[in-house]
Amino acid sequence: MTTILGLGGSMRDGSATTQTLRIVLAGAEAAGASTRLIDLAAFPLPRFDGTYTLDGYTPSERESVETLLALVAEADGLILASPTYHNTISGALKNALEVLEVYNEDMPGRFAGKVVGLVTVQGGTSGTGHNALTTMLLAARAMHAWVAPTMVDVLGSRTAFVNGAAINPGIDARLRSLGVEVVQAGAMFGEHWLAAQRQ
């Protein structure tokens, strides 16, 4: 079974980012995938210290880092979701991507052979989330991901959801379609990647 990991980059409890991510993962589940969500508001991930080892972290911090590394390794695909802050991604998501460099200095990207879908939400009215999506796109590619062509920017996110559901049916459909796309592409690329590794 294809496994999809959602990584939510908002530090606000019950955020629009998390609600958006849940809808994408529901689409992935409808396509037959097993899903897991890491909400960084509740997941005790330490700040990356730049050393590429676990030596400088406490035992509980080490456990969190190793849990994240294991979940990413097990996933066939990921969904990265972030609020748009100052036309870019949240510090929480950026830190999570940096933590993925632990044990990985000068090695192939942590997302090698995986498909990554991208979502951003924006509550304000200044600009759009295009720059945030571009930031995630560049980061995912740098980590050797295959990035899904569908990328979703939810504007007016503070009033976009009621009881966890998207008010706009078009947004809801795009989010669910992204989940399906990552599942289908994740299965295809995963099989191709494993075959290439065996050669």
# chains A, B, ... in the order shown; residues from 1 in each chain; ligands from 1

$ residues_around --residues "Asn168 in chain A" --least-positions-apart "5" --cutoff "12 Å" --atoms "only C-alpha atoms" --output "list in words"
Val154, Leu155, Gly156, Ser157, Thr159, Ala160, Phe161, Val162, Ala173, Arg174 and Leu175 of chain A

$ select_by_dssp --residues "range 77-124 of chain A" --states "helix (DSSP H, G or I)" --output "VMD selection string"
chain A and resid 91 to 99

$ write_last_selection --atoms "C-alpha atoms" --output "PDB file, in the first residue's frame"
ATOM      1  CA  GLY A  91       9.855  28.987  10.046  1.00  0.00           C
ATOM      2  CA  ALA A  92       8.418  25.761  11.469  1.00  0.00           C
ATOM      3  CA  LEU A  93       8.301  24.045   8.079  1.00  0.00           C
ATOM      4  CA  LYS A  94      11.717  25.385   7.119  1.00  0.00           C
ATOM      5  CA  ASN A  95      13.139  24.001  10.367  1.00  0.00           C
ATOM      6  CA  ALA A  96      11.566  20.599   9.707  1.00  0.00           C
ATOM      7  CA  LEU A  97      13.185  20.480   6.277  1.00  0.00           C
ATOM      8  CA  GLU A  98      16.516  21.415   7.846  1.00  0.00           C
ATOM      9  CA  VAL A  99      16.166  18.701  10.516  1.00  0.00           C
TER      10      VAL A  99
END

$ closest_residue --among "A:Asp153, A:Asp76, A:Glu181, A:Glu61" --to "Thr134 in chain A" --atoms "only C-alpha atoms"
A:Asp153

$ select_by_dssp --residues "range 73-156 of chain A" --states "strand (DSSP E or B)" --output "PyMOL selection string"
chain A and resi 77-83+85+88+115-122+146-155

$ residues_around --residues "range 33-41 of chain A" --least-positions-apart "4" --cutoff "6 Å" --atoms "only C-alpha atoms" --output "MDAnalysis selection string"
chainID A and resid 2:9 11 28:29
